[in-house]
Structure formats: structure tokens, C-alpha cells
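All remarks here apply to the structure that follows.
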Amino acid sequence: GEDVEQSLFLSVREGDSSVINCTYTDSSSTYLYWYKQEPGAGLQLLTYIFSNMDMKQDQRLTVLLNKKDKHLSLRIADTQTGDSAIYFCAELENSGYALNFGKGTSLLVTP
Amino acid sequence: DGGITQSPKYLFRKEGQNVTLSCEQNLNHDAMYWYRQDPGQGLRLIYYSQIVNDFQKGDIAEGYSVSREKKESFPLTVTSAQKNPTAFYLCASSGAGGGTDTQYFGPGTRLTVL
């Protein structure tokens with residue numbers, strides 16, 4: 001599929017908020033996802049948002065969706081060292097099955 | 001415990017040999033997927049299967065083969081035709097459709113071809 005774009009690195013201090021940005025490709029994408037990957041492990045689903053929503057909040061996580069600009073963001077409040085990982089943005093392809101992933105943003109949380 | 005298992009975690013093979021990666025799920029999911037991950041890259045879809053005895057090619061199917069004889073199992077064979085097989089391979093499963101039937105991932109198999 002076409003490229004889903006993410007910045008490659010983000011460094012924040014413990015206790016600050018982190019914002020990870022993503023630009024997706026298909027304006028007709030119905031679902032958009034955020035996954036977390038810790039070193040050497042599989043992907044863990046963090047949250048998803050349906051395209052008719054602008055925002056979704058789940059505890060420390062806030063997802064914002066701007067359909068006009070095809071822009072998705074993930075905000076992590078009160079970031080902890082355990083949040084250090086790679087975060088992937090993904091869009092559901094037209095097949096309704098396959099996901100189109102970005103290259104991932106590596107988040108480093110420093111004490 | 002419900003989940004997806006992949007074995008082995010690390011796999012080493014000589015160039016020119018075929019190798020089969022195992023993926024098993026006990027989530028009663030209809031759909032299963034294989035992705036490849038290279039360093040600094042996102043996940044790329046190799047094959048997926050919506051139902052038993054049926055599967056579709058993804059973006060990078062060349063050099064790979066799959067079978068889906070049982071709902072629980074979706075093995076991936078990396079053949080000698082795959083030019084650059086060293087990578088981290090991830091299996092996933094989901095319910096009957098996408099959307100809220102989100103994909104859940106196994107722990108992955110790291111394949112190194114010597």
C-alpha cells in the first residue's frame with residue numbers, strides 16, 4: 001500500500017506528555033489504530049478510532065483524528081519509562097482485513 | 001489462556017533451505033495474517049486468510065507460501081526463492097472482519113538465514 005508517515009523518534013521526560021503524529025493515505029479508511037511494540041516482542045493494540053469520530057480518550061491515551069488533513073495523533077499523558085517503545089499507526093485497507101502500517105515512532109522516556 | 005503462539009522464537013537456516021514458521025491461535029478467530037518486519041520499517045503483509053482453505057496474497061507474497069487447513073493454524077513457509085528472508089515475522093488473527101475485529105499479534109519469530 002501507499003505510505004503511512006510517522007516521525008521516527010521522540011524523546012520526552014518522565015511525567016511530561018508525549019504526542020506521536022501520523023499522516024495516513026486513504027481518506028476512505030474507516031478505522032485507524034495505534035499499536036505498541038516493546039523490544040523483541042509482537043505488537044500490542046493500544047486503541048483504535050472510527051473515522052466518524054474526532055477524538056477518543058482511554059485513560060492516559062487520547063487519540064485525535066483530523067479527516068480533512070488525514071492526520072492522526074496519539075497523546076500519552078504523564079509518560080512513564082515503561083512507555084518507552086515503538087508506536088505504530090495503521091489504517092484499515094479497503095479489503096476490510098489488511099492493515100497498512102507506518103514505519104513506527106521510537107519513543108524514549110528519560111527520568 | 002487465549003492467545004497466539006509462534007514457534008520458535010529464533011530460527012537459523014542455511015541459504016537455499018525452505019523453512020516453515022508456526023502460528024497457532026485459540027481465540028476462535030476466522031482471519032489470520034502474516035507480516036514481515038525489517039529494522040526501521042513498518043510491517044508489510046505477506047499473506048492473509050479470511051477462512052479455512054482460503055488465503056490471499058499480500059504486498060510481498062513472492063518467495064512465501066501458506067496453508068490454512070485448520071482454523072487454529074496458519075503456517076508460513078519461507079522458500080529458497082525468497083531473496084532476502086532474514087527478518088522478524090509476525091502472525092496475527094482477527095474476527096470475521098476488520099474494523100472493530102482488531103488484529104491481535106503473536107510474539108514473533110526472528111529468522112536468520114546464514
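Naming scheme: A, B, ... for chains in displayed order of the C-alpha cells; residues 1 onward per chain; ligands 1 onward as shown.
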If we count only C-alpha atoms, what is near range 6-19 of chain B at a cut-off of 6 Å, once residues fewer than 5 positions away on the same chain are taken out, given as an MDAnalysis selection string?
-> chainID B and resid 77:80 109:114
Could you list, with a cut-off of 8 Å and counting only C-alpha atoms, the residues of chain A near chain B, each shown with its nearest atom pair and the distance in Å rounded to one decimal, rows sorted by chain and ascending number, as a tab-separated table?
```
residue	atom	partner	partner_atom	distance
A:Gly1	CA	B:Asp59	CA	7.2
A:Thr30	CA	B:Gly99	CA	7.2
A:Tyr31	CA	B:Gly99	CA	5.6
A:Gly40	CA	B:Gly108	CA	7.9
A:Ala41	CA	B:Pro107	CA	5.1
A:Gly42	CA	B:Pro107	CA	4.2
A:Leu43	CA	B:Phe105	CA	5.6
A:Gln44	CA	B:Phe105	CA	6.9
A:Leu45	CA	B:Tyr104	CA	7.0
A:Phe50	CA	B:Gly99	CA	8.0
A:Phe88	CA	B:Gly42	CA	7.5
A:Leu92	CA	B:Gly99	CA	7.0
A:Gly96	CA	B:Gly98	CA	4.9
A:Tyr97	CA	B:Gly98	CA	4.7
A:Ala98	CA	B:Leu45	CA	7.4
A:Leu99	CA	B:Leu45	CA	7.9
A:Asn100	CA	B:Arg44	CA	7.6
A:Phe101	CA	B:Gly42	CA	5.6
A:Gly102	CA	B:Gly42	CA	5.3
A:Lys103	CA	B:Gly42	CA	3.7
A:Gly104	CA	B:Gly42	CA	6.1
```
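In this model, the gap between CA of Tyr87 in chain A and CA of Thr105 in chain A comes to 5.1 Å.
Nearest residue to Ile4 in chain B, choosing from B:Ile60, B:Cys23, B:Ile51, B:Leu76 and counting only C-alpha atoms: B:Cys23.
Across the structure, CA of Val19 in chain A and CA of Lys68 in chain A are spaced 19.4 Å apart.
The interatomic distance for the pair CA of Gln37 in chain A and CA of Lys70 in chain B works out to 28.4 Å.
Using only C-alpha atoms, the smallest distance between any of B:Ser93, B:Gly3, B:Ala61, B:Phe55 and His29 in chain B comes from B:Ser93.
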Skip range 57-65 of chain A itself and residues of its chain fewer than 6 positions away, then list as a ChimeraX atom specification all residues within 7 Å of it, counting only C-alpha atoms.
-> /A:71-77
